[in-house]
file input.cif (mmCIF, C-alpha atoms)
data_final
loop_
_atom_site.label_atom_id
_atom_site.label_comp_id
_atom_site.auth_asym_id
_atom_site.auth_seq_id
_atom_site.Cartn_x
_atom_site.Cartn_y
_atom_site.Cartn_z
CA MET D 249 17.45 84.84 79.71
CA ALA D 250 14.76 82.53 78.38
CA PHE D 251 10.99 82.64 78.81
CA LEU D 252 9.89 79.04 79.40
CA LEU D 253 6.34 77.89 78.76
CA PHE D 254 5.69 74.60 80.55
CA ASP D 255 3.11 72.03 79.60
CA VAL D 256 1.35 70.75 82.76
CA ASN D 257 -0.13 67.22 82.52
CA GLU D 258 2.72 64.67 82.71
CA THR D 259 5.34 67.39 82.15
CA LEU D 260 4.89 68.87 85.64
CA SER D 261 2.40 66.40 87.15
CA ASP D 262 3.35 62.80 87.93
CA LEU D 263 0.67 60.45 86.60
CA GLY D 264 2.05 57.59 88.70
CA PRO D 265 -0.74 57.64 91.33
CA LEU D 266 -3.30 56.94 88.59
CA ASP D 267 -2.17 53.31 88.65
CA ALA D 268 -3.49 52.98 92.21
CA ALA D 269 -6.61 54.98 91.33
CA PHE D 270 -7.40 52.49 88.54
CA ALA D 271 -6.69 49.54 90.85
CA ALA D 272 -9.02 51.02 93.48
CA VAL D 273 -11.96 50.83 91.05
CA GLY D 274 -11.02 47.34 89.82
CA ALA D 275 -9.28 48.31 86.56
CA PRO D 276 -5.69 47.34 85.73
CA ALA D 277 -2.89 49.93 85.85
CA SER D 278 -2.00 48.78 82.33
CA ALA D 279 -5.13 50.59 81.09
CA VAL D 280 -3.92 54.04 82.23
CA PRO D 281 -1.79 54.78 79.12
CA ALA D 282 -4.69 53.88 76.81
CA TRP D 283 -7.00 56.16 78.80
CA PHE D 284 -4.63 59.10 78.65
CA ALA D 285 -3.85 58.62 74.94
CA SER D 286 -7.56 58.20 74.14
CA THR D 287 -8.39 61.40 76.02
CA LEU D 288 -5.86 63.32 73.95
CA ARG D 289 -7.05 61.60 70.76
CA ASP D 290 -10.67 62.61 71.37
CA GLY D 291 -9.72 66.10 72.54
CA PHE D 292 -7.66 66.66 69.39
CA ALA D 293 -10.58 65.32 67.32
CA ALA D 294 -12.96 67.84 68.87
CA THR D 295 -10.48 70.62 68.11
CA LEU D 296 -10.08 69.34 64.52
CA VAL D 297 -13.83 69.66 63.92
CA GLY D 298 -13.88 73.14 65.49
CA SER D 299 -15.80 72.21 68.66
CA PRO D 300 -13.23 71.89 71.45
CA VAL D 301 -14.41 70.29 74.71
CA PRO D 302 -12.92 70.89 78.21
CA PHE D 303 -10.25 68.37 79.20
CA ALA D 304 -12.06 67.02 82.26
CA GLU D 305 -15.17 66.39 80.18
CA VAL D 306 -13.26 64.41 77.55
CA ALA D 307 -11.26 62.52 80.20
CA SER D 308 -14.44 61.54 82.10
CA ALA D 309 -16.27 60.46 78.94
CA THR D 310 -13.31 58.35 77.82
CA LEU D 311 -13.10 56.71 81.25
CA ALA D 312 -16.80 55.90 81.18
CA THR D 313 -16.41 54.01 77.88
CA LEU D 314 -13.14 52.32 78.92
CA LEU D 315 -13.78 51.10 82.47
CA PRO D 316 -16.67 48.68 81.69
CA ALA D 317 -14.35 46.71 79.37
CA HIS D 318 -12.16 46.16 82.45
CA GLY D 319 -14.97 44.78 84.57
CA VAL D 320 -16.38 47.92 86.22
CA ARG D 321 -20.14 47.34 86.56
CA ALA D 322 -22.68 49.85 85.22
CA SER D 323 -23.99 50.46 88.74
CA ASP D 324 -20.47 51.41 89.91
CA LEU D 325 -19.46 53.42 86.85
CA ASP D 326 -20.30 56.98 87.94
CA ALA D 327 -18.55 56.50 91.27
CA ALA D 328 -15.52 54.90 89.56
CA VAL D 329 -15.21 57.80 87.08
CA SER D 330 -15.50 60.34 89.91
CA SER D 331 -12.91 58.51 91.95
CA VAL D 332 -10.33 58.41 89.13
CA MET D 333 -10.99 62.04 88.19
CA ALA D 334 -10.53 63.04 91.85
CA ALA D 335 -7.16 61.30 91.80
CA PHE D 336 -6.31 63.15 88.58
CA THR D 337 -6.93 66.53 90.21
CA ALA D 338 -4.81 65.55 93.25
CA LEU D 339 -1.63 64.43 91.45
CA PRO D 340 1.76 65.54 92.77
CA VAL D 341 4.47 67.21 90.70
CA HIS D 342 7.51 65.16 89.65
CA ALA D 343 10.47 65.23 92.07
CA ASP D 344 12.58 67.35 89.70
CA VAL D 345 9.97 70.11 89.27
CA ALA D 346 10.64 72.17 92.43
CA PRO D 347 14.45 72.16 92.16
CA GLY D 348 14.22 72.66 88.39
CA LEU D 349 11.92 75.70 88.58
CA GLU D 350 13.87 77.17 91.49
CA ALA D 351 17.15 76.86 89.58
CA LEU D 352 15.61 78.47 86.51
CA ARG D 353 14.30 81.45 88.50
CA ARG D 354 17.64 81.79 90.29
CA ASP D 355 19.29 82.12 86.88
CA GLY D 356 16.85 84.85 85.89
CA HIS D 357 14.67 82.85 83.51
CA ARG D 358 10.94 83.52 83.29
CA VAL D 359 8.38 80.72 83.71
CA ALA D 360 4.73 80.33 82.66
CA ALA D 361 2.47 77.34 81.97
CA LEU D 362 0.10 76.42 79.13
CA THR D 363 -2.18 73.46 79.72
CA ASN D 364 -4.77 71.52 77.73
CA GLY D 365 -6.53 71.20 81.08
CA SER D 366 -8.04 73.99 83.15
CA THR D 367 -6.23 76.94 84.67
CA ALA D 368 -7.70 75.98 88.06
CA ASN D 369 -6.20 72.49 87.90
CA ALA D 370 -2.76 73.78 86.86
CA GLU D 371 -2.76 76.42 89.61
CA SER D 372 -3.89 73.90 92.19
CA LEU D 373 -1.12 71.45 91.18
CA LEU D 374 1.54 74.16 91.56
CA ASP D 375 0.00 75.53 94.73
CA ARG D 376 0.03 72.13 96.47
CA ALA D 377 3.78 72.03 95.75
CA ASP D 378 4.27 75.67 96.91
CA LEU D 379 5.51 76.53 93.41
CA LEU D 380 2.79 78.92 92.28
CA PRO D 381 4.85 82.06 93.12
CA LEU D 382 7.54 80.90 90.65
CA VAL D 383 5.11 80.85 87.70
CA GLU D 384 4.02 84.16 86.15
CA ALA D 385 0.86 82.82 84.53
CA CYS D 386 -1.06 79.56 84.23
CA LEU D 387 -2.78 79.68 80.85
CA SER D 388 -5.36 77.24 79.51
CA VAL D 389 -6.36 76.38 75.97
CA GLU D 390 -9.94 76.75 77.25
CA ASP D 391 -9.42 80.46 76.53
CA ALA D 392 -7.78 79.83 73.15
CA GLY D 393 -10.43 78.17 70.97
CA GLY D 394 -8.55 74.89 70.54
CA TRP D 395 -6.28 72.38 72.28
CA LYS D 396 -2.57 72.14 71.71
CA PRO D 397 -1.09 71.30 69.22
CA ALA D 398 -3.43 73.63 67.26
CA GLY D 399 -1.73 76.93 66.45
CA VAL D 400 -4.42 78.96 68.25
CA ALA D 401 -3.29 77.49 71.59
CA TYR D 402 0.29 78.79 71.33
CA GLU D 403 -0.88 82.07 69.77
CA HIS D 404 -3.05 82.56 72.86
CA ALA D 405 0.03 82.24 75.09
CA VAL D 406 2.08 84.58 72.90
CA ARG D 407 -0.68 87.20 73.08
CA ARG D 408 -1.33 86.84 76.81
CA LEU D 409 2.35 86.88 77.74
CA GLY D 410 3.09 89.82 75.46
CA VAL D 411 6.20 88.35 73.89
CA ALA D 412 7.17 87.23 70.39
CA ALA D 413 6.68 83.52 69.62
CA ALA D 414 10.41 83.20 68.99
CA GLY D 415 11.00 84.54 72.51
CA LEU D 416 9.15 81.61 74.10
CA THR D 417 10.49 78.10 74.71
CA MET D 418 7.90 75.33 75.08
CA VAL D 419 8.91 72.64 77.59
CA ALA D 420 6.90 69.42 77.33
CA ALA D 421 7.01 65.69 77.90
CA HIS D 422 4.90 65.09 74.78
CA PRO D 423 6.36 65.21 71.27
CA TRP D 424 2.98 66.22 69.76
CA ASP D 425 3.01 69.38 71.92
CA LEU D 426 6.47 70.37 70.72
CA VAL D 427 5.51 69.76 67.09
CA GLY D 428 2.72 72.30 67.55
CA ALA D 429 4.95 74.75 69.41
CA ARG D 430 7.62 74.50 66.69
CA ALA D 431 5.02 75.13 63.97
CA ALA D 432 3.86 78.22 65.92
CA GLY D 433 7.43 79.58 66.02
CA LEU D 434 8.45 78.69 69.60
CA ARG D 435 11.70 77.01 70.63
CA THR D 436 11.22 73.48 71.99
CA VAL D 437 12.55 71.38 74.86
CA HIS D 438 11.59 67.71 75.22
CA VAL D 439 11.48 66.42 78.80
CA ASP D 440 12.16 62.70 78.40
CA ARG D 441 12.36 61.44 81.99
CA ALA D 442 11.88 57.79 81.08
CA GLY D 443 14.21 57.77 78.08
CA THR D 444 11.28 56.97 75.79
CA GLY D 445 12.91 58.66 72.83
CA TRP D 446 11.44 60.74 70.02
CA PRO D 447 9.01 59.39 67.38
CA ASP D 448 10.61 59.40 63.93
CA ALA D 449 7.38 60.72 62.40
CA PHE D 450 8.01 64.20 63.91
CA ASP D 451 10.78 66.80 63.45
CA ARG D 452 13.19 66.74 66.38
CA PRO D 453 13.05 69.30 69.22
CA ASP D 454 15.75 71.92 69.80
CA VAL D 455 16.81 70.50 73.18
CA VAL D 456 16.26 67.23 75.09
CA VAL D 457 16.60 66.89 78.88
CA THR D 458 15.81 63.94 81.13
CA ASP D 459 15.35 66.05 84.28
CA LEU D 460 14.23 69.67 84.74
CA ARG D 461 17.38 70.34 86.78
CA GLU D 462 19.33 70.05 83.52
CA LEU D 463 17.44 73.02 82.04
CA PRO D 464 19.60 75.94 83.24
CA ALA D 465 22.73 74.38 81.74
CA ALA D 466 20.90 73.26 78.59
CA LEU D 467 19.65 76.82 77.98
CA ALA D 468 23.05 78.45 78.65
CA MET E 248 -31.05 53.59 48.78
CA ALA E 249 -28.15 54.81 50.90
CA PHE E 250 -24.52 55.46 49.94
CA LEU E 251 -22.42 54.08 52.80
CA LEU E 252 -18.88 55.26 53.43
CA PHE E 253 -17.06 52.75 55.66
CA ASP E 254 -14.13 53.48 57.87
CA VAL E 255 -11.55 50.67 57.56
CA ASN E 256 -9.24 50.17 60.60
CA GLU E 257 -11.22 48.43 63.38
CA THR E 258 -14.55 49.12 61.58
CA LEU E 259 -13.86 46.51 58.88
CA SER E 260 -10.58 45.01 60.11
CA ASP E 261 -10.38 42.91 63.27
CA LEU E 262 -7.45 44.11 65.41
CA GLY E 263 -7.64 40.92 67.52
CA PRO E 264 -4.51 39.27 66.00
CA LEU E 265 -2.41 42.23 67.16
CA ASP E 266 -2.50 40.73 70.66
CA ALA E 267 -0.52 37.73 69.41
CA ALA E 268 1.75 39.98 67.34
CA PHE E 269 2.64 41.96 70.47
CA ALA E 270 3.17 38.75 72.46
CA ALA E 271 5.46 37.43 69.72
CA VAL E 272 7.86 40.36 70.23
CA GLY E 273 7.65 40.14 74.04
CA ALA E 274 5.16 42.95 74.68
CA PRO E 275 1.86 42.47 76.54
CA ALA E 276 -1.45 42.41 74.64
CA SER E 277 -2.64 45.05 77.13
CA ALA E 278 -0.37 47.56 75.35
CA VAL E 279 -2.23 47.29 72.02
CA PRO E 280 -5.00 49.80 72.88
CA ALA E 281 -2.43 52.39 74.02
CA TRP E 282 -0.48 51.88 70.79
CA PHE E 283 -3.54 52.33 68.58
CA ALA E 284 -4.84 55.36 70.53
CA SER E 285 -1.35 56.94 70.53
CA THR E 286 -1.07 56.44 66.77
CA LEU E 287 -4.34 58.26 66.23
CA ARG E 288 -3.35 60.96 68.77
CA ASP E 289 -0.09 61.66 66.94
CA GLY E 290 -1.69 61.44 63.51
CA PHE E 291 -4.36 63.95 64.53
CA ALA E 292 -1.62 66.18 65.98
CA ALA E 293 0.25 66.18 62.67
CA THR E 294 -2.97 67.10 60.87
CA LEU E 295 -3.68 69.87 63.41
CA VAL E 296 -0.31 71.49 62.65
CA GLY E 297 -0.89 71.16 58.91
CA SER E 298 1.75 68.50 58.25
CA PRO E 299 -0.09 65.17 57.98
CA VAL E 300 2.05 62.01 58.02
CA PRO E 301 1.13 58.61 56.46
CA PHE E 302 -0.57 56.21 58.91
CA ALA E 303 2.07 53.48 58.68
CA GLU E 304 4.81 56.00 59.44
CA VAL E 305 3.03 57.27 62.57
CA ALA E 306 2.13 53.73 63.68
CA SER E 307 5.74 52.53 63.30
CA ALA E 308 7.17 55.57 65.10
CA THR E 309 4.72 55.15 67.98
CA LEU E 310 5.58 51.45 68.26
CA ALA E 311 9.29 52.23 68.35
CA THR E 312 8.81 54.56 71.35
CA LEU E 313 6.36 52.22 73.12
CA LEU E 314 7.94 48.76 72.81
CA PRO E 315 11.17 49.48 74.77
CA ALA E 316 9.07 50.35 77.85
CA HIS E 317 7.71 46.80 77.63
CA GLY E 318 11.11 45.18 77.58
CA VAL E 319 11.92 45.02 73.86
CA ARG E 320 15.71 45.53 73.57
CA ALA E 321 17.21 48.20 71.31
CA SER E 322 18.93 45.51 69.23
CA ASP E 323 15.56 43.82 68.57
CA LEU E 324 13.51 46.98 68.05
CA ASP E 325 13.57 47.32 64.26
CA ALA E 326 12.64 43.68 63.79
CA ALA E 327 9.88 43.94 66.42
CA VAL E 328 8.36 47.02 64.76
CA SER E 329 8.50 45.33 61.34
CA SER E 330 6.90 42.20 62.74
CA VAL E 331 3.95 44.06 64.33
CA MET E 332 3.46 46.24 61.24
CA ALA E 333 3.43 43.09 59.09
CA ALA E 334 0.67 41.69 61.31
CA PHE E 335 -1.20 44.99 60.95
CA THR E 336 -1.21 44.69 57.15
CA ALA E 337 -2.41 41.07 57.32
CA LEU E 338 -5.46 41.53 59.59
CA PRO E 339 -8.71 39.78 58.72
CA VAL E 340 -12.11 41.47 58.45
CA HIS E 341 -14.63 40.99 61.27
CA ALA E 342 -17.00 38.03 60.85
CA ASP E 343 -19.99 40.31 60.17
CA VAL E 344 -18.34 42.25 57.33
CA ALA E 345 -18.93 39.83 54.43
CA PRO E 346 -22.60 39.06 55.24
CA GLY E 347 -23.20 42.73 56.10
CA LEU E 348 -21.78 44.12 52.85
CA GLU E 349 -23.50 41.40 50.80
CA ALA E 350 -26.88 42.19 52.38
CA LEU E 351 -26.39 45.91 51.76
CA ARG E 352 -25.56 45.39 48.09
CA ARG E 353 -28.49 42.96 47.71
CA ASP E 354 -30.77 45.75 48.97
CA GLY E 355 -29.36 48.15 46.39
CA HIS E 356 -27.19 50.27 48.69
CA ARG E 357 -23.89 51.67 47.48
CA VAL E 358 -20.66 51.07 49.41
CA ALA E 359 -17.29 52.87 49.49
CA ALA E 360 -14.49 53.16 52.05
CA LEU E 361 -12.52 56.09 53.47
CA THR E 362 -9.45 55.22 55.55
CA ASN E 363 -6.85 57.11 57.58
CA GLY E 364 -4.51 54.40 56.30
CA SER E 365 -3.43 53.79 52.73
CA THR E 366 -5.65 52.85 49.81
CA ALA E 367 -3.38 49.85 49.19
CA ASN E 368 -3.90 48.50 52.70
CA ALA E 369 -7.69 48.95 52.53
CA GLU E 370 -7.89 47.27 49.13
CA SER E 371 -5.68 44.42 50.29
CA LEU E 372 -7.85 43.84 53.38
CA LEU E 373 -11.00 43.65 51.27
CA ASP E 374 -9.33 41.59 48.56
CA ARG E 375 -8.15 38.94 51.03
CA ALA E 376 -11.80 38.57 52.07
CA ASP E 377 -13.02 38.52 48.43
CA LEU E 378 -15.04 41.66 49.14
CA LEU E 379 -13.30 44.16 46.89
CA PRO E 380 -15.93 43.83 44.09
CA LEU E 381 -18.63 45.00 46.55
CA VAL E 382 -16.87 48.32 47.22
CA GLU E 383 -16.99 51.07 44.57
CA ALA E 384 -13.95 52.96 45.79
CA CYS E 385 -11.32 52.73 48.53
CA LEU E 386 -10.34 56.28 49.33
CA SER E 387 -7.50 57.42 51.59
CA VAL E 388 -6.96 60.65 53.49
CA GLU E 389 -3.44 60.54 52.03
CA ASP E 390 -5.04 62.21 48.99
CA ALA E 391 -7.04 64.68 51.12
CA GLY E 392 -4.49 66.83 52.94
CA GLY E 393 -5.49 65.71 56.44
CA TRP E 394 -6.65 62.74 58.50
CA LYS E 395 -10.20 62.20 59.60
CA PRO E 396 -11.83 63.82 61.56
CA ALA E 397 -10.60 66.96 59.72
CA GLY E 398 -13.22 68.27 57.31
CA VAL E 399 -10.89 67.99 54.30
CA ALA E 400 -10.97 64.18 54.64
CA TYR E 401 -14.74 63.88 54.20
CA GLU E 402 -14.78 66.64 51.58
CA HIS E 403 -12.30 64.55 49.60
CA ALA E 404 -14.72 61.60 49.65
CA VAL E 405 -17.67 63.80 48.68
CA ARG E 406 -15.71 65.17 45.73
CA ARG E 407 -14.32 61.84 44.58
CA LEU E 408 -17.65 60.02 44.86
CA GLY E 409 -19.54 62.85 43.14
CA VAL E 410 -22.40 62.99 45.64
CA ALA E 411 -23.65 65.57 48.13
CA ALA E 412 -22.35 65.25 51.71
CA ALA E 413 -25.93 64.75 52.92
CA GLY E 414 -26.19 61.80 50.51
CA LEU E 415 -23.37 59.91 52.26
CA THR E 416 -23.61 57.89 55.48
CA MET E 417 -20.36 57.38 57.40
CA VAL E 418 -20.15 53.98 59.12
CA ALA E 419 -17.44 53.73 61.78
CA ALA E 420 -16.45 52.01 65.00
CA HIS E 421 -14.86 55.23 66.30
CA PRO E 422 -16.91 58.07 67.74
CA TRP E 423 -14.25 60.66 66.75
CA ASP E 424 -14.72 59.67 63.08
CA LEU E 425 -18.47 60.18 63.26
CA VAL E 426 -18.07 63.55 64.96
CA GLY E 427 -16.03 64.66 61.95
CA ALA E 428 -18.45 63.15 59.46
CA ARG E 429 -21.40 64.85 61.17
CA ALA E 430 -19.60 68.21 61.11
CA ALA E 431 -18.96 67.70 57.37
CA GLY E 432 -22.68 67.10 56.75
CA LEU E 433 -22.76 63.28 56.45
CA ARG E 434 -25.21 60.97 58.21
CA THR E 435 -23.57 58.75 60.83
CA VAL E 436 -23.76 55.11 61.95
CA HIS E 437 -21.80 53.89 64.98
CA VAL E 438 -20.71 50.24 64.82
CA ASP E 439 -20.44 49.27 68.49
CA ARG E 440 -19.63 45.54 68.35
CA ALA E 441 -18.37 45.35 71.93
CA GLY E 442 -21.11 47.47 73.47
CA THR E 443 -18.56 50.09 74.50
CA GLY E 444 -21.10 52.88 74.33
CA TRP E 445 -20.76 56.47 73.21
CA PRO E 446 -18.59 59.09 74.97
CA ASP E 447 -20.73 61.84 76.50
CA ALA E 448 -18.30 64.50 75.26
CA PHE E 449 -19.55 64.04 71.67
CA ASP E 450 -22.93 64.56 69.97
CA ARG E 451 -24.68 61.24 69.42
CA PRO E 452 -24.71 59.48 66.01
CA ASP E 453 -27.85 59.04 63.91
CA VAL E 454 -27.85 55.25 64.15
CA VAL E 455 -26.13 52.62 66.32
CA VAL E 456 -25.65 48.96 65.31
CA THR E 457 -23.72 46.19 67.03
CA ASP E 458 -23.27 44.11 63.87
CA LEU E 459 -23.08 45.12 60.18
CA ARG E 460 -25.87 42.64 59.40
CA GLU E 461 -28.23 45.03 61.22
CA LEU E 462 -27.49 47.80 58.72
CA PRO E 463 -30.10 47.04 56.01
CA ALA E 464 -32.92 47.10 58.57
CA ALA E 465 -31.46 50.10 60.40
CA LEU E 466 -31.34 52.10 57.15
CA ALA E 467 -34.84 51.12 56.03
#
call {"tool": "encode", "arguments": {"input": "input.cif", "output": "structure tokens"}}
result
Amino acid sequence: MAFLLFDVNETLSDLGPLDAAFAAVGAPASAVPAWFASTLRDGFAATLVGSPVPFAEVASATLATLLPAHGVRASDLDAAVSSVMAAFTALPVHADVAPGLEALRRDGHRVAALTNGSTANAESLLDRADLLPLVEACLSVEDAGGWKPAGVAYEHAVRRLGVAAAGLTMVAAHPWDLVGARAAGLRTVHVDRAGTGWPDAFDRPDVVVTDLRELPAALA
Amino acid sequence: MAFLLFDVNETLSDLGPLDAAFAAVGAPASAVPAWFASTLRDGFAATLVGSPVPFAEVASATLATLLPAHGVRASDLDAAVSSVMAAFTALPVHADVAPGLEALRRDGHRVAALTNGSTANAESLLDRADLLPLVEACLSVEDAGGWKPAGVAYEHAVRRLGVAAAGLTMVAAHPWDLVGARAAGLRTVHVDRAGTGWPDAFDRPDVVVTDLRELPAALA
């Protein structure tokens, strides 16, 4: 039996609809990856200086500086930011999430979530997919004093879940998250749906899957 | 008299030629911002977990995971990464850098640099522009134990330059750098050449310029 701690943004949620949300405000879909990476960059920076900022606040601020370079006019900016952020809070889960979580629970594994976003957003994502009953707890770094991959984020989950760090397995699409989890003593599973691979700059994870339905066998 | 500490990547160097470097390996110029933001994201992550990695190593690893999604074949990947990294080490300075630094020195200001990259790369950039004699020291976070915006990076500069933190003014194109400098006690100048603006998630800098030639008047 494993106790799996899932990352939420992009690990459970499918960012695909953000392409259309950008297009709807006149920005190219090709700008979505820069927005998401810049949001994490600035969120990590705020954690590094000891003044973490809520995810939605960083994401909105980053959007507001990025969209004008793609032709969004100042008079339309507030509405454009609101529109993209609304799309962000209405994302679906990936197609493999429901069958993956159901298979894990059927095999007796425990499941929780730890997000750099808000608890409310994580719970809403799972609830829209009728998956909330499968997840014991949706935890947020907003209660931890720093974003992942800072150690305090994982320590918060360890404390709240009442288990040893070595008894938790972090499951994430992002290598930087697993580097933090590993440093905090957790086991690590990389979810590499697109076959992006692992950056050589980081130590490799314990397990790699391309689909959450592979998890029960990979953990056996 | 002010003692100005310049960031290097994008503050002094002009990333513009990276568009052509991406195109030369078959990747779109629109992927450059995501690459640069992802490099900083992963570099900050490594600093957050206490295992900082050299800039070129993170930048190369990020490229190697990003380029295949843009059609670069596995057999061409090593050469493509080398080609983009070669372009990165051969960037020019922005057009306002030489007249800006010369005007500052003429007014009696002191000038040093602090980069998340290597000292060698910063010195080479300035040397190619015949500006190295205007800069007292090119410092790198590689000698500090963590990337900017971690406090150790600015503390390294304070120690090496032998001045009080409050006697240094950080000059940077990146808000996240100035947030760190401010937290470490330095004054801050945002260089906003493109008029991108300041992200609301961060405290505002002391001074904003759009061109380094504005600095002598802005400091007066």
call {"tool": "axis_aligned_box", "arguments": {"input": "input.cif", "around": "region 379-396 of chain E", "padding_each_side": "8 Å", "output": "lines of an AutoDock Vina configuration file"}}
result
center_x = -11.0
center_y = 55.3
center_z = 52.8
size_x = 31.2
size_y = 39.0
size_z = 33.5
call {"tool": "resolve_selection", "arguments": {"input": "input.cif", "expression": "the PyMOL selection byres ((chain D) within 8 of (chain E))", "output": "number ranges by chain"}}
result
D: 278-279, 281-283, 285-286, 288-290, 292-294, 296-297, 301, 305-306, 309-310, 312-314, 316-317, 397-399, 424, 427-428, 431, 444-449
call {"tool": "residues_around", "arguments": {"input": "input.cif", "residues": "Val331 (chain E)", "least_positions_apart": "3", "cutoff": "9 Å", "atoms": "all atoms listed in the file", "output": "number ranges by chain"}}
result
E: 265, 268-269, 271-272, 307, 310, 326-328, 334-336
call {"tool": "residues_around", "arguments": {"input": "input.cif", "residues": "Ala368 (chain D)", "least_positions_apart": "3", "cutoff": "10 Å", "atoms": "all atoms listed in the file", "output": "list of chain:residue names"}}
result
D:Thr337, D:Gly365, D:Glu371, D:Ser372, D:Leu373, D:Cys386, D:Leu387, D:Ser388
call {"tool": "residues_around", "arguments": {"input": "input.cif", "residues": "Val437 (chain D)", "least_positions_apart": "2", "cutoff": "10 Å", "atoms": "all atoms listed in the file", "output": "ChimeraX atom specification"}}
result
/D:252-254,417-423,426,429,434-435,439-440,452-457,463,466-467
call {"tool": "residues_around", "arguments": {"input": "input.cif", "residues": "Ala412 (chain E)", "least_positions_apart": "3", "cutoff": "7 Å", "atoms": "only C-alpha atoms", "output": "number ranges by chain"}}
result
E: 405, 415, 432-433
